$ cat data26.txt   # compact mmCIF, C-alpha atoms and all ligand atoms
# COMPACT_ATOMS: atom_id res chain seq x y z
CA MET A 40 -11.61 11.54 -8.59
CA VAL A 41 -8.76 9.14 -7.96
CA LYS A 42 -8.53 5.89 -9.88
CA VAL A 43 -7.06 3.08 -7.77
CA THR A 44 -5.75 0.14 -9.79
CA PHE A 45 -4.66 -3.10 -8.13
CA LEU A 46 -1.51 -4.53 -9.72
CA GLY A 47 -1.45 -7.69 -7.62
CA HIS A 48 -0.05 -8.48 -4.16
CA SER A 49 0.56 -5.06 -2.54
CA ALA A 50 1.09 -3.02 -5.70
CA PHE A 51 -1.32 -0.17 -6.47
CA LEU A 52 -1.40 2.65 -8.99
CA LEU A 53 -3.21 5.82 -7.90
CA GLU A 54 -4.14 8.12 -10.76
CA GLY A 55 -5.44 11.66 -10.39
CA SER A 56 -3.62 14.88 -11.18
CA LYS A 57 -0.48 12.78 -10.49
CA ARG A 58 0.38 9.11 -10.82
CA VAL A 59 1.53 7.37 -7.67
CA LEU A 60 2.76 3.77 -7.63
CA ILE A 61 2.88 2.09 -4.22
CA ASP A 62 5.01 -1.04 -3.67
CA PRO A 63 5.42 -1.62 -7.43
CA TRP A 64 6.52 -5.25 -7.45
CA ILE A 65 5.97 -6.17 -11.11
CA GLU A 66 8.84 -8.40 -12.24
CA GLY A 67 8.37 -11.84 -10.68
CA ASN A 68 4.98 -10.92 -9.18
CA PRO A 69 2.78 -13.87 -10.21
CA GLN A 70 -0.32 -11.63 -9.88
CA SER A 71 0.95 -8.72 -11.95
CA PRO A 72 -1.32 -8.00 -14.93
CA ILE A 73 1.49 -6.15 -16.74
CA SER A 74 5.15 -6.69 -17.49
CA ILE A 75 7.78 -4.20 -16.40
CA ASP A 76 8.13 -3.09 -20.05
CA GLN A 77 4.40 -2.32 -20.21
CA CYS A 78 4.57 -0.16 -17.08
CA LYS A 79 4.63 3.53 -17.94
CA GLY A 80 6.16 4.58 -14.63
CA ALA A 81 4.79 7.26 -12.32
CA ASP A 82 5.44 10.68 -10.86
CA ILE A 83 6.00 9.15 -7.43
CA TYR A 84 6.98 5.65 -6.30
CA VAL A 85 6.36 4.85 -2.64
CA VAL A 86 8.17 1.80 -1.27
CA THR A 87 6.92 0.78 2.20
CA HIS A 88 9.90 -1.45 3.03
CA ALA A 89 12.74 -3.35 1.38
CA HIS A 90 11.36 -6.89 1.18
CA GLY A 91 11.56 -8.17 -2.40
CA ASP A 92 7.77 -8.43 -2.84
CA HIS A 93 7.35 -4.66 -2.36
CA GLY A 94 9.14 -3.52 -5.46
CA LEU A 95 12.21 -1.49 -4.54
CA ASP A 96 14.14 -3.02 -7.46
CA ASP A 97 11.31 -2.28 -9.91
CA ALA A 98 10.82 1.24 -8.52
CA ILE A 99 14.51 1.90 -9.17
CA LYS A 100 14.26 0.47 -12.69
CA LEU A 101 11.12 2.50 -13.49
CA ALA A 102 12.47 5.75 -12.02
CA LYS A 103 15.61 5.37 -14.12
CA SER A 104 13.75 4.72 -17.37
CA HIS A 105 10.63 6.92 -16.91
CA GLY A 106 11.67 9.50 -14.30
CA GLY A 107 9.72 10.16 -11.12
CA THR A 108 10.64 10.37 -7.45
CA ILE A 109 11.19 7.47 -5.07
CA VAL A 110 9.72 8.19 -1.65
CA SER A 111 10.55 5.93 1.25
CA ILE A 112 12.07 5.77 4.68
CA TYR A 113 15.40 7.60 4.71
CA GLU A 114 17.71 4.58 4.39
CA ILE A 115 15.79 3.06 1.46
CA ALA A 116 15.74 6.42 -0.34
CA MET A 117 19.54 6.62 0.19
CA GLU A 118 19.90 3.13 -1.30
CA ALA A 119 17.86 4.18 -4.36
CA GLY A 120 20.07 7.25 -4.73
CA ASN A 121 23.22 5.12 -4.45
CA ARG A 122 21.83 2.88 -7.19
CA GLY A 123 21.53 5.81 -9.56
CA VAL A 124 18.02 7.21 -9.04
CA GLU A 125 18.12 10.96 -9.59
CA LYS A 126 15.12 12.06 -7.52
CA THR A 127 14.52 10.56 -4.09
CA VAL A 128 12.82 11.84 -0.96
CA GLY A 129 13.83 10.12 2.24
CA ALA A 130 11.55 10.67 5.21
CA ASN A 131 10.55 8.94 8.40
CA ILE A 132 7.50 8.30 10.51
CA GLY A 133 6.32 11.80 11.36
CA GLY A 134 3.78 13.93 9.57
CA PHE A 135 2.75 15.09 6.12
CA PHE A 136 5.37 16.27 3.65
CA GLU A 137 4.83 17.30 0.06
CA VAL A 138 6.30 15.69 -3.04
CA ASP A 139 5.27 17.04 -6.44
CA CYS A 140 2.08 18.58 -4.95
CA VAL A 141 1.09 15.24 -3.35
CA LYS A 142 0.86 15.06 0.46
CA ILE A 143 2.47 11.97 1.95
CA ALA A 144 2.90 10.72 5.53
CA LEU A 145 4.76 7.58 6.53
CA THR A 146 3.17 5.60 9.34
CA THR A 147 4.10 2.84 11.75
CA ALA A 148 4.11 -0.77 10.55
CA ILE A 149 4.85 -3.75 12.78
CA HIS A 150 7.10 -5.82 10.53
CA SER A 151 10.79 -6.08 9.53
CA SER A 152 12.88 -4.70 6.69
CA PRO A 153 16.37 -5.49 5.39
CA ILE A 154 17.00 -1.73 5.01
CA GLY A 155 15.70 1.05 7.25
CA ALA A 156 12.44 0.30 9.03
CA PRO A 157 9.07 -0.82 7.67
CA THR A 158 6.31 1.74 7.17
CA GLY A 159 2.79 2.24 5.99
CA VAL A 160 1.84 5.35 4.06
CA VAL A 161 -0.98 7.87 3.78
CA VAL A 162 -1.23 9.56 0.39
CA GLU A 163 -3.44 12.60 -0.15
CA LEU A 164 -4.11 13.03 -3.85
CA ASP A 165 -6.71 15.49 -5.19
CA GLY A 166 -8.34 15.71 -1.76
CA LYS A 167 -8.69 11.92 -1.26
CA ARG A 168 -6.75 10.16 1.45
CA ILE A 169 -5.59 6.62 0.90
CA TYR A 170 -3.88 4.58 3.61
CA HIS A 171 -1.67 1.71 2.40
CA ALA A 172 -0.71 -0.25 5.51
CA GLY A 173 2.39 -1.89 3.97
CA ASP A 174 3.20 -5.22 5.59
CA THR A 175 2.05 -5.15 9.18
CA GLY A 176 0.32 -6.84 12.04
CA VAL A 177 -2.51 -5.02 13.75
CA PHE A 178 -1.64 -2.44 16.42
CA TYR A 179 -3.72 -0.12 18.58
CA ASP A 180 -2.14 3.04 17.12
CA MET A 181 -4.12 2.37 13.95
CA ARG A 182 -6.75 4.34 15.88
CA LEU A 183 -4.35 7.29 15.82
CA ILE A 184 -3.88 6.90 12.05
CA GLY A 185 -7.67 6.95 11.70
CA GLU A 186 -8.10 9.97 13.98
CA LEU A 187 -5.33 12.06 12.44
CA TYR A 188 -5.59 11.23 8.75
CA LYS A 189 -9.22 10.08 8.34
CA PRO A 190 -8.50 7.91 5.29
CA ASP A 191 -11.27 7.64 2.68
CA LEU A 192 -9.91 4.23 1.69
CA ALA A 193 -7.57 1.71 3.34
CA LEU A 194 -5.49 -0.90 1.53
CA LEU A 195 -4.94 -3.66 4.09
CA PRO A 196 -3.00 -6.95 3.98
CA ILE A 197 -5.14 -9.97 4.89
CA GLY A 198 -3.08 -13.02 3.87
CA GLY A 199 -1.73 -13.86 7.36
CA HIS A 200 1.61 -15.55 8.18
CA PHE A 201 3.78 -12.47 7.40
CA VAL A 202 1.02 -9.89 7.80
CA MET A 203 -2.48 -9.48 9.25
CA GLY A 204 -5.01 -12.19 8.55
CA PRO A 205 -8.75 -11.47 8.24
CA LEU A 206 -9.25 -11.50 12.04
CA GLU A 207 -6.59 -8.82 12.56
CA ALA A 208 -7.70 -6.85 9.51
CA ALA A 209 -11.27 -6.71 10.89
CA LYS A 210 -9.84 -5.23 14.11
CA ALA A 211 -7.73 -2.81 12.04
CA ILE A 212 -10.88 -1.61 10.26
CA GLU A 213 -12.58 -1.03 13.62
CA LEU A 214 -9.55 0.92 14.92
CA LEU A 215 -9.16 2.99 11.73
CA GLY A 216 -12.89 3.71 11.50
CA VAL A 217 -12.53 3.47 7.74
CA LYS A 218 -15.58 2.88 5.51
CA LYS A 219 -13.89 1.45 2.41
CA VAL A 220 -11.22 -1.23 2.27
CA ILE A 221 -9.40 -3.04 -0.51
CA PRO A 222 -7.76 -6.27 0.73
CA MET A 223 -4.24 -7.03 -0.49
CA HIS A 224 -1.26 -9.33 0.14
CA TYR A 225 -3.23 -12.61 -0.12
CA GLU A 226 -3.30 -15.60 -2.51
CA THR A 227 0.07 -14.69 -4.10
CA PHE A 228 1.78 -17.59 -2.32
CA PRO A 229 0.13 -20.69 -0.79
CA VAL A 230 1.12 -19.51 2.70
CA LEU A 231 -0.99 -16.32 2.35
CA LYS A 232 -4.26 -18.08 3.17
CA GLY A 233 -6.54 -15.21 4.32
CA ARG A 234 -9.43 -14.41 1.97
CA PRO A 235 -11.68 -11.35 1.54
CA GLU A 236 -14.83 -13.43 2.14
CA GLU A 237 -13.61 -14.26 5.67
CA LEU A 238 -13.00 -10.57 6.30
CA LYS A 239 -16.50 -9.70 5.07
CA GLU A 240 -18.02 -12.34 7.36
CA LEU A 241 -16.08 -11.04 10.38
CA LEU A 242 -17.22 -7.47 9.68
CA ARG A 243 -20.83 -8.68 9.43
CA GLU A 244 -20.54 -10.56 12.76
CA ARG A 245 -19.11 -7.47 14.45
CA GLY A 246 -21.66 -5.10 12.90
CA LEU A 247 -18.91 -2.99 11.32
CA ASP A 248 -20.11 -0.79 8.50
CA CYS A 249 -17.27 -0.98 5.97
CA GLU A 250 -17.39 -1.82 2.28
CA VAL A 251 -14.89 -4.50 1.26
CA ILE A 252 -13.91 -3.83 -2.35
CA ILE A 253 -12.41 -6.94 -3.93
CA LEU A 254 -10.26 -6.19 -6.95
CA LYS A 255 -8.70 -8.75 -9.25
CA PRO A 256 -5.23 -7.77 -10.46
CA GLY A 257 -5.69 -5.20 -13.23
CA GLU A 258 -9.06 -4.00 -11.93
CA SER A 259 -9.71 -0.45 -10.74
CA TYR A 260 -11.89 1.36 -8.26
CA GLU A 261 -12.86 5.02 -8.60
CA LEU A 262 -12.72 6.95 -5.36
NI NI B 301 7.49 -7.63 4.09
MN MN B 302 5.23 -8.62 1.84
$ encode --input "data26.txt" --output "structure tokens" --more "lines below"
Ligand code: NI
Ligand code: MN
Amino acid sequence: MVKVTFLGHSAFLLEGSKRVLIDPWIEGNPQSPISIDQCKGADIYVVTHAHGDHGLDDAIKLAKSHGGTIVSIYEIAMEAGNRGVEKTVGANIGGFFEVDCVKIALTTAIHSSPIGAPTGVVVELDGKRIYHAGDTGVFYDMRLIGELYKPDLALLPIGGHFVMGPLEAAKAIELLGVKKVIPMHYETFPVLKGRPEELKELLRERGLDCEVIILKPGESYEL
């Protein structure tokens, strides 16, 4: 079993035999249910890209105070190393690699990043595969991500403006063929207008069989 806890915006904690924090933006995140001092850190921190709302600064802080490995695209991992993080794994969009017995693959994301290039990520923890799309628009190769990695759960942005809105996320779900989705990256700022109810309605209209799991910040889902 993997416990998936939503920490607001795009931040998630995956807990199984290891603890994996993805995009741990905590300080300054208006949705975060915890303060940075309350965060116990993780074995692995995955940062999908270097925009401030995806937690590179907090990942660096947490890795320095609690240990753990920062995993990201090569250039971001280098940056973390230069800023004093002891354990980093830089990778690129390719295939699975292993960090601390957790299988990780970085995936395409259609977005921008001040350092390196933006990514999504597939994490395989205790036999469960979780796809965190990062910040992205929809793209047809999501079908490839679905075919190759067969995620049990997808974490998809739905706020629009900088990322997919509900219309694009519904298409992403169709392309991925995924049966469980947790929406993210909405409501944090007024400009992120997409809502999970719209996504649910679009899935109903299209006859797509996918459970939309709506978590409030601090809530968990057991996969
Ligand atoms: Ni971004
Ligand atoms: Mn973002």
$ residues_around --input "data26.txt" --residues "region 66-82 of chain A" --least-positions-apart "6" --cutoff "12 Å" --atoms "only C-alpha atoms" --output "MDAnalysis selection string"
chainID A and resid 44:60 91:110 126:127 138:141 223:229 254:258
$ closest_residue --input "data26.txt" --among "A:Glu250, A:Glu244, A:Glu236, A:Glu125" --to "Val217 (chain A)" --atoms "only C-alpha atoms"
A:Glu250
$ closest_atom_pairs --input "data26.txt" --of "chain A" --to "ligand NI 301 (chain B)" --cutoff "12 Å" --atoms "only C-alpha atoms and all ligand atoms" --output "Markdown table"
| residue | atom | partner | partner_atom | distance |
| --- | --- | --- | --- | --- |
| A:His48 | CA | B:NI301 | NI | 11.2 |
| A:Ser49 | CA | B:NI301 | NI | 9.9 |
| A:Asp62 | CA | B:NI301 | NI | 10.5 |
| A:Trp64 | CA | B:NI301 | NI | 11.8 |
| A:Val86 | CA | B:NI301 | NI | 10.9 |
| A:Thr87 | CA | B:NI301 | NI | 8.6 |
| A:His88 | CA | B:NI301 | NI | 6.7 |
| A:Ala89 | CA | B:NI301 | NI | 7.3 |
| A:His90 | CA | B:NI301 | NI | 4.9 |
| A:Gly91 | CA | B:NI301 | NI | 7.7 |
| A:Asp92 | CA | B:NI301 | NI | 7.0 |
| A:His93 | CA | B:NI301 | NI | 7.1 |
| A:Gly94 | CA | B:NI301 | NI | 10.5 |
| A:Leu95 | CA | B:NI301 | NI | 11.6 |
| A:Ala148 | CA | B:NI301 | NI | 10.0 |
| A:Ile149 | CA | B:NI301 | NI | 9.9 |
| A:His150 | CA | B:NI301 | NI | 6.7 |
| A:Ser151 | CA | B:NI301 | NI | 6.5 |
| A:Ser152 | CA | B:NI301 | NI | 6.7 |
| A:Pro153 | CA | B:NI301 | NI | 9.2 |
| A:Ile154 | CA | B:NI301 | NI | 11.2 |
| A:Ala156 | CA | B:NI301 | NI | 10.6 |
| A:Pro157 | CA | B:NI301 | NI | 7.9 |
| A:Thr158 | CA | B:NI301 | NI | 9.9 |
| A:Gly159 | CA | B:NI301 | NI | 11.1 |
| A:Ala172 | CA | B:NI301 | NI | 11.1 |
| A:Gly173 | CA | B:NI301 | NI | 7.7 |
| A:Asp174 | CA | B:NI301 | NI | 5.1 |
| A:Thr175 | CA | B:NI301 | NI | 7.9 |
| A:Gly176 | CA | B:NI301 | NI | 10.7 |
| A:Pro196 | CA | B:NI301 | NI | 10.5 |
| A:Gly198 | CA | B:NI301 | NI | 11.9 |
| A:Gly199 | CA | B:NI301 | NI | 11.6 |
| A:His200 | CA | B:NI301 | NI | 10.7 |
| A:Phe201 | CA | B:NI301 | NI | 6.9 |
| A:Val202 | CA | B:NI301 | NI | 7.8 |
| A:Met203 | CA | B:NI301 | NI | 11.4 |
| A:His224 | CA | B:NI301 | NI | 9.7 |
$ atom_distance --input "data26.txt" --atom1 "CA of Arg122 (chain A)" --atom2 "CA of Val85 (chain A)"
16.2 Å
$ closest_residue --input "data26.txt" --among "A:Leu242, A:Val251, A:Val230, A:Val162" --to "Thr146 (chain A)" --atoms "all atoms listed in the file"
A:Val162
$ closest_residue --input "data26.txt" --among "A:Arg168, A:Ile197, A:Ile253, A:Ala144" --to "ligand MN 302 (chain B)" --atoms "all atoms listed in the file"
A:Ile197
$ atom_distance --input "data26.txt" --atom1 "CA of Glu207 (chain A)" --atom2 "CA of Leu145 (chain A)"
20.8 Å
$ closest_residue --input "data26.txt" --among "A:Gly129, A:Gly134, A:Gly120, A:Pro63" --to "ligand MN 302 (chain B)" --atoms "only C-alpha atoms and all ligand atoms"
A:Pro63
$ residues_around --input "data26.txt" --residues "region 210-216 of chain A" --least-positions-apart "2" --cutoff "6 Å" --atoms "only C-alpha atoms" --output "MDAnalysis selection string"
chainID A and resid 177 181:182 185 207:208
$ residues_around --input "data26.txt" --residues "Ala193 (chain A)" --least-positions-apart "3" --cutoff "7 Å" --atoms "all atoms listed in the file" --output "PyMOL selection string"
chain A and resi 169-171+190+217+219-221
$ atom_distance --input "data26.txt" --atom1 "CA of Ala116 (chain A)" --atom2 "CA of Pro222 (chain A)"
26.7 Å
$ residues_around --input "data26.txt" --residues "Glu114 (chain A)" --least-positions-apart "3" --cutoff "7 Å" --atoms "only C-alpha atoms" --output "list of chain:residue names"
A:Met117, A:Glu118, A:Ile154, A:Gly155
$ closest_residue --input "data26.txt" --among "A:Ile61, A:Ile115, A:Leu262, A:Val161" --to "Leu187 (chain A)" --atoms "only C-alpha atoms"
A:Val161
$ closest_residue --input "data26.txt" --among "A:Arg234, A:Phe178, A:Tyr260, A:Ile112" --to "Leu192 (chain A)" --atoms "all atoms listed in the file"
A:Tyr260
$ build_atoms --input "data26.txt" --residues "region 68-88 of chain A" --atoms "N, CA, C and O atoms" --output "mmCIF file, in the coordinates of the input"
data_model
loop_
_atom_site.group_PDB
_atom_site.id
_atom_site.type_symbol
_atom_site.label_atom_id
_atom_site.label_comp_id
_atom_site.auth_asym_id
_atom_site.auth_seq_id
_atom_site.Cartn_x
_atom_site.Cartn_y
_atom_site.Cartn_z
ATOM 1 N N ASN A 68 6.256 -10.892 -9.922
ATOM 2 C CA ASN A 68 4.980 -10.920 -9.180
ATOM 3 C C ASN A 68 3.998 -11.783 -9.966
ATOM 4 O O ASN A 68 3.558 -11.387 -11.046
ATOM 5 N N PRO A 69 3.656 -12.973 -9.450
ATOM 6 C CA PRO A 69 2.780 -13.870 -10.210
ATOM 7 C C PRO A 69 1.396 -13.277 -10.469
ATOM 8 O O PRO A 69 0.686 -13.729 -11.362
ATOM 9 N N GLN A 70 1.005 -12.252 -9.691
ATOM 10 C CA GLN A 70 -0.320 -11.630 -9.880
ATOM 11 C C GLN A 70 -0.283 -10.418 -10.800
ATOM 12 O O GLN A 70 -1.337 -9.868 -11.120
ATOM 13 N N SER A 71 0.908 -9.979 -11.194
ATOM 14 C CA SER A 71 0.950 -8.720 -11.950
ATOM 15 C C SER A 71 0.290 -8.849 -13.316
ATOM 16 O O SER A 71 0.598 -9.755 -14.083
ATOM 17 N N PRO A 72 -0.645 -7.943 -13.630
ATOM 18 C CA PRO A 72 -1.320 -8.000 -14.930
ATOM 19 C C PRO A 72 -0.468 -7.412 -16.059
ATOM 20 O O PRO A 72 -0.847 -7.516 -17.217
ATOM 21 N N ILE A 73 0.644 -6.769 -15.711
ATOM 22 C CA ILE A 73 1.490 -6.150 -16.740
ATOM 23 C C ILE A 73 2.948 -6.589 -16.541
ATOM 24 O O ILE A 73 3.337 -7.007 -15.455
ATOM 25 N N SER A 74 3.716 -6.458 -17.608
ATOM 26 C CA SER A 74 5.150 -6.690 -17.490
ATOM 27 C C SER A 74 5.821 -5.355 -17.185
ATOM 28 O O SER A 74 5.222 -4.291 -17.370
ATOM 29 N N ILE A 75 7.053 -5.433 -16.743
ATOM 30 C CA ILE A 75 7.780 -4.200 -16.400
ATOM 31 C C ILE A 75 7.911 -3.295 -17.633
ATOM 32 O O ILE A 75 7.858 -2.070 -17.523
ATOM 33 N N ASP A 76 8.012 -3.897 -18.825
ATOM 34 C CA ASP A 76 8.130 -3.090 -20.050
ATOM 35 C C ASP A 76 6.824 -2.379 -20.399
ATOM 36 O O ASP A 76 6.830 -1.354 -21.084
ATOM 37 N N GLN A 77 5.704 -2.946 -19.941
ATOM 38 C CA GLN A 77 4.400 -2.320 -20.210
ATOM 39 C C GLN A 77 4.085 -1.208 -19.217
ATOM 40 O O GLN A 77 3.162 -0.434 -19.428
ATOM 41 N N CYS A 78 4.832 -1.161 -18.123
ATOM 42 C CA CYS A 78 4.570 -0.160 -17.080
ATOM 43 C C CYS A 78 5.112 1.188 -17.519
ATOM 44 O O CYS A 78 6.271 1.305 -17.914
ATOM 45 N N LYS A 79 4.244 2.200 -17.456
ATOM 46 C CA LYS A 79 4.630 3.530 -17.940
ATOM 47 C C LYS A 79 5.310 4.387 -16.873
ATOM 48 O O LYS A 79 5.581 5.562 -17.097
ATOM 49 N N GLY A 80 5.538 3.817 -15.697
ATOM 50 C CA GLY A 80 6.160 4.580 -14.630
ATOM 51 C C GLY A 80 5.166 5.487 -13.934
ATOM 52 O O GLY A 80 3.951 5.370 -14.144
ATOM 53 N N ALA A 81 5.661 6.396 -13.122
ATOM 54 C CA ALA A 81 4.790 7.260 -12.320
ATOM 55 C C ALA A 81 5.531 8.521 -11.941
ATOM 56 O O ALA A 81 6.738 8.637 -12.170
ATOM 57 N N ASP A 82 4.788 9.475 -11.365
ATOM 58 C CA ASP A 82 5.440 10.680 -10.860
ATOM 59 C C ASP A 82 6.135 10.370 -9.527
ATOM 60 O O ASP A 82 7.179 10.922 -9.222
ATOM 61 N N ILE A 83 5.492 9.483 -8.764
ATOM 62 C CA ILE A 83 6.000 9.150 -7.430
ATOM 63 C C ILE A 83 5.916 7.636 -7.236
ATOM 64 O O ILE A 83 4.904 7.017 -7.587
ATOM 65 N N TYR A 84 6.976 7.069 -6.685
ATOM 66 C CA TYR A 84 6.980 5.650 -6.300
ATOM 67 C C TYR A 84 7.159 5.608 -4.790
ATOM 68 O O TYR A 84 8.166 6.110 -4.276
ATOM 69 N N VAL A 85 6.202 5.015 -4.089
ATOM 70 C CA VAL A 85 6.360 4.850 -2.640
ATOM 71 C C VAL A 85 6.697 3.389 -2.371
ATOM 72 O O VAL A 85 5.993 2.491 -2.839
ATOM 73 N N VAL A 86 7.777 3.167 -1.634
ATOM 74 C CA VAL A 86 8.170 1.800 -1.270
ATOM 75 C C VAL A 86 8.074 1.707 0.251
ATOM 76 O O VAL A 86 8.765 2.426 0.973
ATOM 77 N N THR A 87 7.191 0.811 0.746
ATOM 78 C CA THR A 87 6.920 0.780 2.200
ATOM 79 C C THR A 87 8.048 0.129 2.990
ATOM 80 O O THR A 87 8.247 0.452 4.154
ATOM 81 N N HIS A 88 8.747 -0.825 2.372
ATOM 82 C CA HIS A 88 9.900 -1.450 3.030
ATOM 83 C C HIS A 88 10.666 -2.248 1.984
ATOM 84 O O HIS A 88 10.233 -2.349 0.831
#
